[in-house]
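**Q** Quick one, entry-v2.cif (mmCIF, C-alpha atoms):
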data_my_file
#
loop_
_atom_site.label_atom_id
_atom_site.label_comp_id
_atom_site.auth_asym_id
_atom_site.auth_seq_id
_atom_site.Cartn_x
_atom_site.Cartn_y
_atom_site.Cartn_z
CA MET A 1 80.91 -109.40 90.69
CA SER A 2 77.88 -107.23 91.08
CA ARG A 3 78.10 -103.56 92.02
CA ILE A 4 76.20 -104.22 95.30
CA THR A 5 78.60 -107.00 96.36
CA LEU A 6 81.64 -104.74 95.67
CA THR A 7 80.16 -101.93 97.75
CA ILE A 8 79.62 -104.28 100.73
CA LEU A 9 83.22 -105.50 100.58
CA VAL A 10 84.57 -101.93 100.53
CA LEU A 11 82.49 -100.94 103.57
CA LEU A 12 83.67 -103.98 105.52
CA GLY A 13 87.27 -103.09 104.74
CA LEU A 14 86.86 -99.51 105.94
CA SER A 15 85.18 -100.71 109.14
CA ALA A 16 88.11 -102.99 109.89
CA CYS A 17 90.55 -100.11 109.37
CA ARG A 18 88.66 -97.88 111.80
CA ARG A 19 88.60 -100.58 114.49
CA ALA A 20 92.35 -101.18 114.47
CA PRO A 21 93.45 -97.96 116.27
CA ILE A 22 90.84 -98.40 119.03
CA GLU A 23 91.75 -102.04 119.58
CA ALA A 24 95.37 -100.95 119.95
CA LEU A 25 94.27 -98.78 122.91
CA LEU A 26 92.44 -101.54 124.77
CA PRO A 27 93.68 -102.27 128.34
CA GLU A 28 95.23 -105.59 127.34
CA ALA A 29 97.20 -103.89 124.56
CA ILE A 30 98.66 -101.10 126.72
CA GLY A 31 99.16 -103.16 129.85
CA VAL A 32 96.28 -101.76 131.94
CA PRO A 33 95.13 -104.55 134.32
CA PRO A 34 91.47 -105.54 134.19
CA SER A 35 90.93 -104.03 137.67
CA LEU A 36 91.48 -100.55 136.17
CA GLN A 37 88.97 -100.96 133.35
CA ALA A 38 86.16 -98.37 133.51
CA ASP A 39 82.55 -98.71 132.58
CA SER A 40 82.35 -97.17 129.10
CA ALA A 41 78.64 -96.44 129.43
CA SER A 42 79.30 -94.11 132.41
CA ALA A 43 81.97 -92.02 130.65
CA LYS A 44 79.46 -89.87 128.82
CA TYR A 45 78.10 -88.80 132.23
CA ARG A 46 81.64 -88.11 133.52
CA MET A 47 81.40 -91.03 135.87
CA VAL A 48 83.91 -93.67 136.87
CA ARG A 49 82.34 -96.94 137.99
CA LEU A 50 84.33 -99.75 139.63
CA ASP A 51 83.51 -103.44 139.73
CA SER A 52 84.05 -105.49 142.86
CA ALA A 53 87.59 -106.51 141.89
CA GLN A 54 88.57 -102.90 141.23
CA GLN A 55 87.13 -101.80 144.57
CA ARG A 56 89.18 -104.41 146.43
CA ARG A 57 92.39 -103.52 144.59
CA LEU A 58 92.14 -99.72 144.68
CA GLN A 59 90.87 -99.32 148.26
CA VAL A 60 89.43 -95.89 147.49
CA GLN A 61 89.63 -93.40 150.36
CA VAL A 62 87.24 -90.46 150.65
CA VAL A 63 86.85 -87.49 153.02
CA PRO A 64 83.92 -85.09 153.49
CA VAL A 65 83.94 -81.55 152.07
CA ARG A 66 83.99 -78.79 154.71
CA HIS A 67 82.42 -75.35 154.27
CA GLU A 68 84.03 -72.84 156.63
CA ARG A 69 86.30 -69.85 157.04
CA ALA A 70 89.52 -71.72 156.58
CA THR A 71 93.07 -70.94 157.58
CA TYR A 72 95.80 -71.31 155.00
CA THR A 73 99.50 -70.57 154.66
CA VAL A 74 101.14 -68.29 152.10
CA SER A 75 104.82 -67.79 151.37
CA ILE A 76 105.85 -64.23 150.53
CA PRO A 77 109.17 -62.41 149.96
CA GLY A 78 110.60 -60.10 152.58
CA GLU A 79 113.40 -57.56 152.87
CA VAL A 80 115.37 -57.16 156.11
CA TYR A 81 116.18 -53.76 157.63
CA PRO A 82 117.51 -52.66 161.01
CA ALA A 83 114.79 -52.47 163.64
CA PRO A 84 113.55 -48.97 164.57
CA GLY A 85 115.78 -47.46 167.23
CA LEU A 86 118.50 -50.05 166.63
CA MET A 87 120.35 -48.22 163.87
CA ALA A 88 122.22 -44.94 164.38
CA GLN A 89 124.16 -42.65 162.09
CA VAL A 90 127.18 -41.01 163.63
CA SER A 91 127.73 -37.56 162.18
CA THR A 92 129.97 -34.72 163.18
CA PRO A 93 128.16 -31.79 164.82
CA ILE A 94 130.94 -29.35 163.92
CA GLU A 95 133.63 -28.97 161.28
CA GLY A 96 137.09 -30.29 162.03
CA ARG A 97 139.69 -32.95 161.24
CA VAL A 98 139.75 -36.60 162.29
CA ALA A 99 142.59 -36.77 164.81
CA HIS A 100 141.97 -40.30 166.16
CA LEU A 101 139.96 -43.14 164.60
CA ASN A 102 139.31 -45.97 167.04
CA VAL A 103 136.94 -48.35 165.17
CA HIS A 104 136.51 -49.78 161.69
CA GLU A 105 133.80 -51.58 159.68
CA GLY A 106 132.48 -54.78 161.22
CA GLU A 107 133.86 -54.09 164.70
CA PRO A 108 131.49 -54.36 167.68
CA VAL A 109 131.00 -51.25 169.80
CA ARG A 110 129.33 -50.47 173.10
CA ARG A 111 127.11 -47.52 173.88
CA GLY A 112 129.23 -44.57 175.05
CA GLN A 113 132.42 -45.92 173.51
CA VAL A 114 134.61 -43.25 171.87
CA LEU A 115 134.54 -43.93 168.14
CA LEU A 116 136.78 -41.08 166.98
CA GLU A 117 138.06 -37.68 168.06
CA LEU A 118 137.95 -34.44 166.11
CA GLU A 119 140.44 -31.62 166.24
CA SER A 120 138.39 -28.47 165.66
CA LEU A 121 139.18 -24.78 165.97
CA ALA A 122 135.46 -24.05 166.34
CA PHE A 123 135.26 -26.55 169.22
CA ALA A 124 138.27 -24.99 170.92
CA GLU A 125 136.59 -21.58 170.68
CA LEU A 126 133.42 -23.00 172.26
CA ILE A 127 135.49 -24.40 175.13
CA SER A 128 137.20 -21.03 175.55
CA ASP A 129 133.88 -19.13 175.50
CA PHE A 130 132.44 -21.45 178.14
CA LEU A 131 135.46 -21.18 180.44
CA GLN A 132 135.54 -17.40 180.13
CA ALA A 133 131.80 -17.09 180.80
CA GLN A 134 132.10 -19.42 183.77
CA ALA A 135 135.03 -17.44 185.23
CA GLU A 136 133.24 -14.11 184.73
CA GLU A 137 130.10 -15.47 186.35
CA ALA A 138 132.07 -16.69 189.37
CA TYR A 139 133.87 -13.34 189.71
CA LEU A 140 130.65 -11.32 189.55
CA ALA A 141 128.96 -13.68 192.00
CA ARG A 142 131.67 -12.85 194.53
CA GLN A 143 131.37 -9.15 193.73
CA VAL A 144 127.62 -9.18 194.32
CA ALA A 145 128.07 -10.92 197.67
CA ARG A 146 130.71 -8.36 198.77
CA LEU A 147 128.69 -5.33 197.64
CA ARG A 148 125.58 -6.55 199.42
CA GLN A 149 127.58 -6.56 202.64
CA LEU A 150 128.89 -3.06 201.96
CA VAL A 151 125.42 -1.76 201.15
CA THR A 152 124.16 -3.20 204.42
CA GLU A 153 126.94 -1.33 206.24
CA GLN A 154 126.09 1.77 204.16
CA LEU A 155 129.64 1.91 202.80
CA THR A 156 128.60 1.53 199.15
CA PRO A 157 125.64 3.10 197.31
CA GLN A 158 122.74 0.83 196.18
CA SER A 159 123.26 1.82 192.53
CA THR A 160 126.68 0.13 192.49
CA LEU A 161 125.14 -3.09 193.75
CA ASP A 162 122.34 -2.88 191.18
CA GLN A 163 124.83 -2.45 188.34
CA THR A 164 126.94 -5.37 189.51
CA GLU A 165 123.89 -7.63 189.88
CA ALA A 166 122.86 -6.77 186.29
CA ASP A 167 126.38 -7.65 185.09
CA TYR A 168 126.19 -10.90 187.03
CA LEU A 169 122.88 -11.89 185.38
CA ARG A 170 124.33 -11.20 181.92
CA ALA A 171 127.42 -13.29 182.73
CA GLN A 172 125.19 -16.11 183.98
CA ALA A 173 123.21 -16.02 180.70
CA ARG A 174 126.43 -16.14 178.65
CA ARG A 175 127.66 -19.13 180.65
CA GLN A 176 124.35 -20.95 180.18
CA ALA A 177 124.39 -20.25 176.42
CA ALA A 178 127.96 -21.55 176.11
CA GLU A 179 127.01 -24.64 178.12
CA VAL A 180 124.04 -25.33 175.87
CA ARG A 181 126.26 -25.17 172.77
CA LEU A 182 128.66 -27.66 174.33
CA ARG A 183 125.88 -30.03 175.36
CA ALA A 184 124.66 -29.96 171.75
CA LEU A 185 128.05 -31.47 170.89
CA GLY A 186 127.66 -34.10 173.61
CA VAL A 187 130.10 -32.39 175.98
CA THR A 188 129.15 -31.81 179.62
CA PRO A 189 130.54 -28.88 181.68
CA GLU A 190 132.78 -31.29 183.60
CA VAL A 191 134.26 -32.67 180.37
CA ALA A 192 134.63 -29.13 179.00
CA ARG A 193 136.64 -28.07 182.07
CA ALA A 194 138.87 -31.12 181.73
CA LEU A 195 139.40 -30.51 178.00
CA GLY A 196 140.21 -26.88 178.76
CA GLN A 197 143.31 -28.06 180.59
CA GLN A 198 144.63 -29.78 177.45
CA GLU A 199 146.85 -28.16 174.86
CA ARG A 200 144.73 -29.56 172.00
CA PRO A 201 141.12 -30.07 173.08
CA LEU A 202 139.66 -32.92 171.00
CA LEU A 203 135.94 -33.50 170.54
CA PRO A 204 135.05 -37.18 171.26
CA LEU A 205 132.23 -38.77 169.24
CA ARG A 206 130.66 -41.69 171.10
CA ALA A 207 128.52 -44.66 170.06
CA PRO A 208 124.84 -43.89 170.74
CA ILE A 209 123.86 -47.62 170.83
CA ASP A 210 125.37 -51.08 171.16
CA GLY A 211 126.04 -52.81 167.87
CA TYR A 212 128.64 -53.05 165.14
CA VAL A 213 130.01 -50.58 162.63
CA ASP A 214 128.09 -51.20 159.41
CA GLN A 215 129.38 -48.42 157.14
CA HIS A 216 132.61 -46.54 157.57
CA GLN A 217 132.85 -43.33 155.55
CA VAL A 218 135.80 -41.45 157.06
CA GLU A 219 139.58 -41.88 157.25
CA LEU A 220 142.23 -40.71 159.69
CA GLY A 221 143.24 -37.11 159.05
CA GLN A 222 140.21 -36.41 156.86
CA ALA A 223 138.64 -32.97 157.10
CA VAL A 224 134.90 -33.12 157.75
CA SER A 225 132.13 -30.56 157.67
CA ALA A 226 129.30 -30.06 160.12
CA ASN A 227 126.51 -32.68 159.95
CA GLN A 228 128.58 -34.99 157.71
CA THR A 229 127.78 -38.70 158.22
CA LEU A 230 130.88 -40.56 159.37
CA MET A 231 129.63 -44.10 160.05
CA THR A 232 126.55 -46.19 160.75
CA ILE A 233 126.04 -48.45 163.75
CA VAL A 234 123.55 -51.32 163.66
CA ASP A 235 122.31 -53.41 166.57
CA PRO A 236 121.64 -56.86 165.02
CA SER A 237 119.64 -58.29 167.93
CA ARG A 238 116.32 -57.34 166.27
CA VAL A 239 115.36 -56.58 162.68
CA HIS A 240 112.51 -55.00 160.77
CA ILE A 241 111.21 -57.12 157.89
CA ARG A 242 109.03 -55.70 155.12
CA GLY A 243 106.93 -58.48 153.59
CA PHE A 244 104.98 -58.05 150.36
CA LEU A 245 101.52 -59.64 150.44
CA ALA A 246 98.95 -59.88 147.66
CA PRO A 247 96.04 -57.46 148.27
CA ASP A 248 93.46 -60.29 148.29
CA ASP A 249 95.35 -62.13 151.03
CA ALA A 250 95.73 -59.00 153.14
CA LEU A 251 91.99 -59.14 153.92
CA GLY A 252 92.66 -62.03 156.28
CA LEU A 253 95.66 -60.54 158.09
CA GLN A 254 95.70 -58.62 161.36
CA PRO A 255 98.47 -57.10 163.51
CA GLY A 256 99.62 -59.70 166.00
CA ASP A 257 99.22 -62.66 163.61
CA SER A 258 102.10 -65.12 163.72
CA VAL A 259 104.80 -65.39 161.05
CA ARG A 260 107.53 -67.97 160.47
CA LEU A 261 110.93 -67.21 158.92
CA VAL A 262 112.57 -70.31 157.51
CA LEU A 263 116.24 -70.65 156.59
CA GLN A 264 116.55 -73.72 154.40
CA VAL A 265 120.35 -73.76 154.33
CA PRO A 266 122.44 -74.75 156.18
CA ASP A 267 120.37 -76.15 159.05
CA SER A 268 116.69 -75.37 158.44
CA LEU A 269 116.64 -72.62 161.04
CA THR A 270 113.13 -71.40 161.90
CA LEU A 271 112.27 -68.17 163.67
CA GLY A 272 108.90 -67.08 164.96
CA ALA A 273 107.65 -63.50 164.89
CA ARG A 274 104.43 -61.49 164.74
CA VAL A 275 102.96 -58.91 162.40
CA HIS A 276 103.63 -55.46 163.85
CA THR A 277 101.74 -53.20 161.45
CA ILE A 278 100.17 -53.33 157.98
CA ASN A 279 100.59 -50.38 155.61
CA PRO A 280 97.16 -49.17 154.46
CA ALA A 281 98.27 -48.34 150.89
CA LEU A 282 99.84 -50.52 148.21
CA ASP A 283 103.58 -50.34 147.71
CA PRO A 284 103.97 -48.43 144.40
CA GLU A 285 106.85 -50.60 143.20
CA ASN A 286 105.52 -54.07 144.03
CA ARG A 287 101.77 -53.31 143.93
CA ALA A 288 101.49 -55.30 147.14
CA VAL A 289 100.47 -54.68 150.73
CA VAL A 290 103.51 -54.10 152.94
CA VAL A 291 103.50 -56.16 156.14
CA ASN A 292 105.89 -54.87 158.83
CA ILE A 293 107.37 -57.52 161.10
CA LEU A 294 109.70 -57.08 164.06
CA ALA A 295 111.73 -60.20 164.81
CA SER A 296 114.53 -61.17 167.15
CA THR A 297 117.53 -62.69 165.38
CA HIS A 298 119.21 -66.01 166.12
CA GLN A 299 122.86 -66.77 165.45
CA GLY A 300 123.08 -63.51 163.54
CA TRP A 301 120.25 -64.39 161.15
CA PRO A 302 118.60 -62.64 159.46
CA ARG A 303 120.84 -59.65 158.89
CA PRO A 304 119.89 -56.25 157.47
CA GLY A 305 120.17 -56.29 153.69
CA GLN A 306 119.13 -59.93 153.28
CA ASN A 307 116.06 -61.22 151.44
CA VAL A 308 113.99 -63.83 153.25
CA ARG A 309 110.89 -65.97 152.76
CA LEU A 310 107.99 -65.49 155.17
CA TRP A 311 105.30 -68.04 155.91
CA ILE A 312 102.12 -66.39 157.14
CA ARG A 313 98.99 -68.11 158.41
CA LEU A 314 95.86 -66.38 157.06
CA ARG A 315 92.10 -66.78 157.37
CA THR A 316 89.67 -66.60 154.47
CA PRO A 317 87.41 -63.53 154.55
CA ARG A 318 84.32 -65.72 153.95
CA PRO A 319 83.49 -69.45 154.08
CA VAL A 320 84.93 -71.62 151.30
CA TYR A 321 84.84 -75.31 150.44
CA VAL A 322 87.85 -77.11 151.89
CA VAL A 323 89.24 -80.40 150.57
CA PRO A 324 92.66 -82.02 151.02
CA LEU A 325 95.16 -81.07 148.34
CA ALA A 326 95.45 -84.76 147.45
CA ALA A 327 91.84 -84.67 146.20
CA LEU A 328 92.60 -82.08 143.52
CA THR A 329 93.78 -82.95 140.02
CA TYR A 330 93.47 -81.42 136.57
CA ASP A 331 91.76 -82.40 133.35
CA GLY A 332 93.73 -80.23 130.95
CA GLN A 333 93.39 -76.73 132.41
CA GLN A 334 90.27 -77.57 134.40
CA ALA A 335 90.61 -78.46 138.08
CA ILE A 336 88.53 -81.51 139.05
CA VAL A 337 87.73 -83.72 142.01
CA PHE A 338 86.12 -87.15 142.14
CA VAL A 339 82.89 -87.03 144.18
CA GLN A 340 81.55 -90.32 145.51
CA GLN A 341 77.98 -90.99 144.36
CA ALA A 342 77.83 -94.61 145.51
CA PRO A 343 80.34 -97.12 146.93
CA ASP A 344 81.36 -98.03 143.38
CA THR A 345 80.58 -94.79 141.49
CA TYR A 346 82.52 -91.51 141.37
CA GLU A 347 81.53 -88.36 139.51
CA VAL A 348 84.14 -86.19 137.80
CA ARG A 349 83.33 -82.74 139.18
CA PRO A 350 84.90 -79.52 137.78
CA VAL A 351 85.68 -77.03 140.55
CA THR A 352 86.89 -73.42 140.88
CA VAL A 353 90.06 -73.20 142.95
CA TRP A 354 90.59 -70.04 145.02
CA ARG A 355 93.88 -71.03 146.66
CA THR A 356 96.00 -74.01 147.61
CA ASP A 357 98.73 -74.57 150.15
CA ALA A 358 100.83 -77.57 151.12
CA ALA A 359 97.92 -79.43 152.71
CA GLN A 360 94.59 -78.27 151.30
CA ALA A 361 92.68 -76.74 148.41
CA LEU A 362 90.16 -73.96 148.97
CA LEU A 363 87.31 -74.08 146.44
CA LEU A 364 84.72 -71.48 145.52
CA ASP A 365 82.23 -73.84 143.87
CA GLY A 366 81.75 -77.25 142.28
CA VAL A 367 81.10 -79.20 145.47
CA ARG A 368 78.71 -79.06 148.42
CA GLU A 369 79.30 -79.36 152.12
CA GLY A 370 79.29 -82.97 153.29
CA GLU A 371 79.94 -84.51 149.87
CA ARG A 372 82.75 -87.07 149.95
CA VAL A 373 85.72 -86.60 147.62
CA VAL A 374 88.42 -89.12 146.75
CA VAL A 375 91.88 -88.55 148.20
CA HIS A 376 93.37 -91.92 147.14
CA PRO A 377 94.02 -93.20 144.49
CA VAL A 378 93.11 -90.12 142.47
CA PHE A 379 95.64 -90.93 139.74
CA SER A 380 94.08 -94.34 139.13
CA LEU A 381 90.58 -92.88 138.85
CA LYS A 382 91.90 -90.28 136.42
CA ALA A 383 93.48 -93.05 134.35
CA LEU A 384 90.12 -94.85 134.27
CA MET A 385 88.42 -91.64 133.18
CA ARG A 386 90.94 -91.22 130.37
CA TYR A 387 90.52 -94.80 129.26
CA SER A 388 86.74 -94.38 129.08
CA GLU A 389 87.15 -91.30 126.87
CA PHE A 390 89.51 -93.15 124.52
CA ALA A 391 87.20 -96.14 124.38
CA GLU A 392 84.30 -93.97 123.23
CA GLU A 393 86.20 -92.26 120.41
#
Kindly return the structure encoded in the file as structure tokens.
**A**
Amino acid sequence: MSRITLTILVLLGLSACRRAPIEALLPEAIGVPPSLQADSASAKYRMVRLDSAQQRRLQVQVVPVRHERATYTVSIPGEVYPAPGLMAQVSTPIEGRVAHLNVHEGEPVRRGQVLLELESLAFAELISDFLQAQAEEAYLARQVARLRQLVTEQLTPQSTLDQTEADYLRAQARRQAAEVRLRALGVTPEVARALGQQERPLLPLRAPIDGYVDQHQVELGQAVSANQTLMTIVDPSRVHIRGFLAPDDALGLQPGDSVRLVLQVPDSLTLGARVHTINPALDPENRAVVVNILASTHQGWPRPGQNVRLWIRLRTPRPVYVVPLAALTYDGQQAIVFVQQAPDTYEVRPVTVWRTDAAQALLLDGVREGERVVVHPVFSLKALMRYSEFAEE
């Protein structure tokens, strides 16, 4: 056998070996029906071309690209706190000992309800000072009235009346000062006079708001100092929620925008609320914009201390290209859409995605307004694109 003939046989053998792997990937071999076979010649242009049978079977659906300032939904974490004005700390205004304890943690209370009573020597002295000042003021008031009559009848010198009137003014000032100290403890003059009739005057501490006892930090018989916090009362009818929003998204948010709180378990409870304020600076811990939301609760949810998910509707700061989320797919790490060029031809178009939500994709480039993108069946067109690439290798 000549050297030329041997060389030809070797080359034919190698060619057969190279064809075997590609033939194994043909549609018939891997079960791809003929209707999904792509035009190999169009693959190098990143095109997918359908024949008439494929068009009938796939029933491709397209929608036009919109270019607009779009609205989109984001889900962000939130922390629940008591609403402003609906949480109160009960602290003792004076040192003493807890003589009566009427409520405990978790119990509901009404505004003005007596929570506990303190036995306090300092309080008893304030009661005594007030009663003495009041009695002295009343006595001197009668003296002034009597001396004025005597001065009129010229039975008493004017200097005596002047001295008594000065004493009366001082007594009145002492009574007013004692009354102010009692009012600082939440005790009116009427209550002070009633307590003065008791053997052991006890200082009542009352609930400043409706709500329930959230934290209980005192026990019966415990000695307490002035300004010591005894318990916390929370009104659960409204809450303050701090949501943490990405700085880029905060550009499209304004006070008054609507928010949804969704409880997935147990019964998909949904609450509506509105953005109250937006903090101008980033939260140093989360590096996010803090969104403050005031919301009414329902069936006790949400409660202070819980973490929640917030769904906020935002608007893009500038126009973007909007396509349905179903139109978007990925070629490796690259986002792509299929743009219709003709009734049977679709271009594989790489795009830059700015954001997606449950219904749509917002694109920065890669498409033009009015172009028609495929929303069904995107997976089949992607399979045809892949087949064309394999067929060319």
**Q** Give the answer as one residue: which of A:Thr329, A:Ser120, A:Thr152, A:Thr188 has the shortest atom-to-atom distance to Ile94 of chain A, using only C-alpha atoms?
**A**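 The shortest atom-to-atom distance to Ile94 of chain A comes from A:Ser120.
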**Q** If the PyMOL selection byres ((chain A and resi 330) around 12) were run on this exact file, what residues would it hold? Put them as a list in words.
**A**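 This file gives the following for the PyMOL selection byres ((chain A and resi 330) around 12): Leu325, Ala326, Ala327, Leu328, Thr329, Asp331, Gly332, Gln333, Gln334, Ala335, Ile336, Val337, Phe338, Val348, Arg349, Pro350, Val351, Thr352, Val353, Val378, Phe379, Lys382, Ala383, Met385 and Arg386 of chain A.
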**Q** Restricting the output to C-alpha atoms, write the selected residues as a PDB file, keeping the file's coordinate frame.
**A**
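Generated file (again.pdb):
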ATOM      1  CA  LEU A 325      95.160 -81.070 148.340  1.00  0.00           C
ATOM      2  CA  ALA A 326      95.450 -84.760 147.450  1.00  0.00           C
ATOM      3  CA  ALA A 327      91.840 -84.670 146.200  1.00  0.00           C
ATOM      4  CA  LEU A 328      92.600 -82.080 143.520  1.00  0.00           C
ATOM      5  CA  THR A 329      93.780 -82.950 140.020  1.00  0.00           C
ATOM      6  CA  ASP A 331      91.760 -82.400 133.350  1.00  0.00           C
ATOM      7  CA  GLY A 332      93.730 -80.230 130.950  1.00  0.00           C
ATOM      8  CA  GLN A 333      93.390 -76.730 132.410  1.00  0.00           C
ATOM      9  CA  GLN A 334      90.270 -77.570 134.400  1.00  0.00           C
ATOM     10  CA  ALA A 335      90.610 -78.460 138.080  1.00  0.00           C
ATOM     11  CA  ILE A 336      88.530 -81.510 139.050  1.00  0.00           C
ATOM     12  CA  VAL A 337      87.730 -83.720 142.010  1.00  0.00           C
ATOM     13  CA  PHE A 338      86.120 -87.150 142.140  1.00  0.00           C
ATOM     14  CA  VAL A 348      84.140 -86.190 137.800  1.00  0.00           C
ATOM     15  CA  ARG A 349      83.330 -82.740 139.180  1.00  0.00           C
ATOM     16  CA  PRO A 350      84.900 -79.520 137.780  1.00  0.00           C
ATOM     17  CA  VAL A 351      85.680 -77.030 140.550  1.00  0.00           C
ATOM     18  CA  THR A 352      86.890 -73.420 140.880  1.00  0.00           C
ATOM     19  CA  VAL A 353      90.060 -73.200 142.950  1.00  0.00           C
ATOM     20  CA  VAL A 378      93.110 -90.120 142.470  1.00  0.00           C
ATOM     21  CA  PHE A 379      95.640 -90.930 139.740  1.00  0.00           C
ATOM     22  CA  LYS A 382      91.900 -90.280 136.420  1.00  0.00           C
ATOM     23  CA  ALA A 383      93.480 -93.050 134.350  1.00  0.00           C
ATOM     24  CA  MET A 385      88.420 -91.640 133.180  1.00  0.00           C
ATOM     25  CA  ARG A 386      90.940 -91.220 130.370  1.00  0.00           C
TER      26      ARG A 386
END
**Q** Do you know which residues the PyMOL selection byres ((chain A and resi 181) around 12) returns on this file, as a list in words?
**A** Pro93, Ile94, Ala122, Phe123, Glu125, Leu126, Ile127, Asp129, Phe130, Arg174, Arg175, Gln176, Ala177, Ala178, Glu179, Val180, Leu182, Arg183, Ala184, Leu185, Gly186, Val187, Thr188, Pro189 and Ala192 of chain A
**Q** If you measure from atom CA of Ala226 of chain A to atom CA of Thr92 of chain A, what distance in Å do you get, rounded to one decimal?
**A**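 Distance between the two atoms: 5.6 Å.
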**Q** Please expand the PyMOL selection byres ((chain A and resi 140) around 12) into the concrete residues it hits in this file, giving the result as a list in words.
**A**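 The output of the PyMOL selection byres ((chain A and resi 140) around 12) on this file is Ala133, Gln134, Ala135, Glu136, Glu137, Ala138, Tyr139, Ala141, Arg142, Gln143, Val144, Ala145, Arg146, Leu147, Leu161, Asp162, Gln163, Thr164, Glu165, Ala166, Asp167, Tyr168, Leu169, Arg170, Ala171 and Gln172 of chain A.
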**Q** For C-alpha atoms, I'd like the residues from the last selection saved as a compact mmCIF listing (two decimals), in the frame of the given file.
**A**
# COMPACT_ATOMS: atom_id res chain seq x y z
CA ALA A 133 131.80 -17.09 180.80
CA GLN A 134 132.10 -19.42 183.77
CA ALA A 135 135.03 -17.44 185.23
CA GLU A 136 133.24 -14.11 184.73
CA GLU A 137 130.10 -15.47 186.35
CA ALA A 138 132.07 -16.69 189.37
CA TYR A 139 133.87 -13.34 189.71
CA ALA A 141 128.96 -13.68 192.00
CA ARG A 142 131.67 -12.85 194.53
CA GLN A 143 131.37 -9.15 193.73
CA VAL A 144 127.62 -9.18 194.32
CA ALA A 145 128.07 -10.92 197.67
CA ARG A 146 130.71 -8.36 198.77
CA LEU A 147 128.69 -5.33 197.64
CA LEU A 161 125.14 -3.09 193.75
CA ASP A 162 122.34 -2.88 191.18
CA GLN A 163 124.83 -2.45 188.34
CA THR A 164 126.94 -5.37 189.51
CA GLU A 165 123.89 -7.63 189.88
CA ALA A 166 122.86 -6.77 186.29
CA ASP A 167 126.38 -7.65 185.09
CA TYR A 168 126.19 -10.90 187.03
CA LEU A 169 122.88 -11.89 185.38
CA ARG A 170 124.33 -11.20 181.92
CA ALA A 171 127.42 -13.29 182.73
CA GLN A 172 125.19 -16.11 183.98
**Q** Quick one: everything within 12 Å of segment 51-63 of chain A, counting only C-alpha atoms, minus sequence neighbours fewer than 3 positions away in the same chain. Send it as number ranges by chain.
**A** A: 33-39, 48, 66, 322-327, 337-346, 369-381, 384
**Q** For each of A:Ala207, A:Thr160, A:Arg303, A:Val262, take the minimum atom-to-atom distance to Arg111 of chain A, counting all atoms listed in the file, then give the residue where this is smallest.
**A**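 Closest to Arg111 of chain A of all the choices is A:Ala207.
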**Q** Atom CA of Ala223 of chain A to atom CA of Leu118 of chain A: how many Å, to one decimal?
**A**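 Calculated distance between atom CA of Ala223 of chain A and atom CA of Leu118 of chain A is 9.2 Å.
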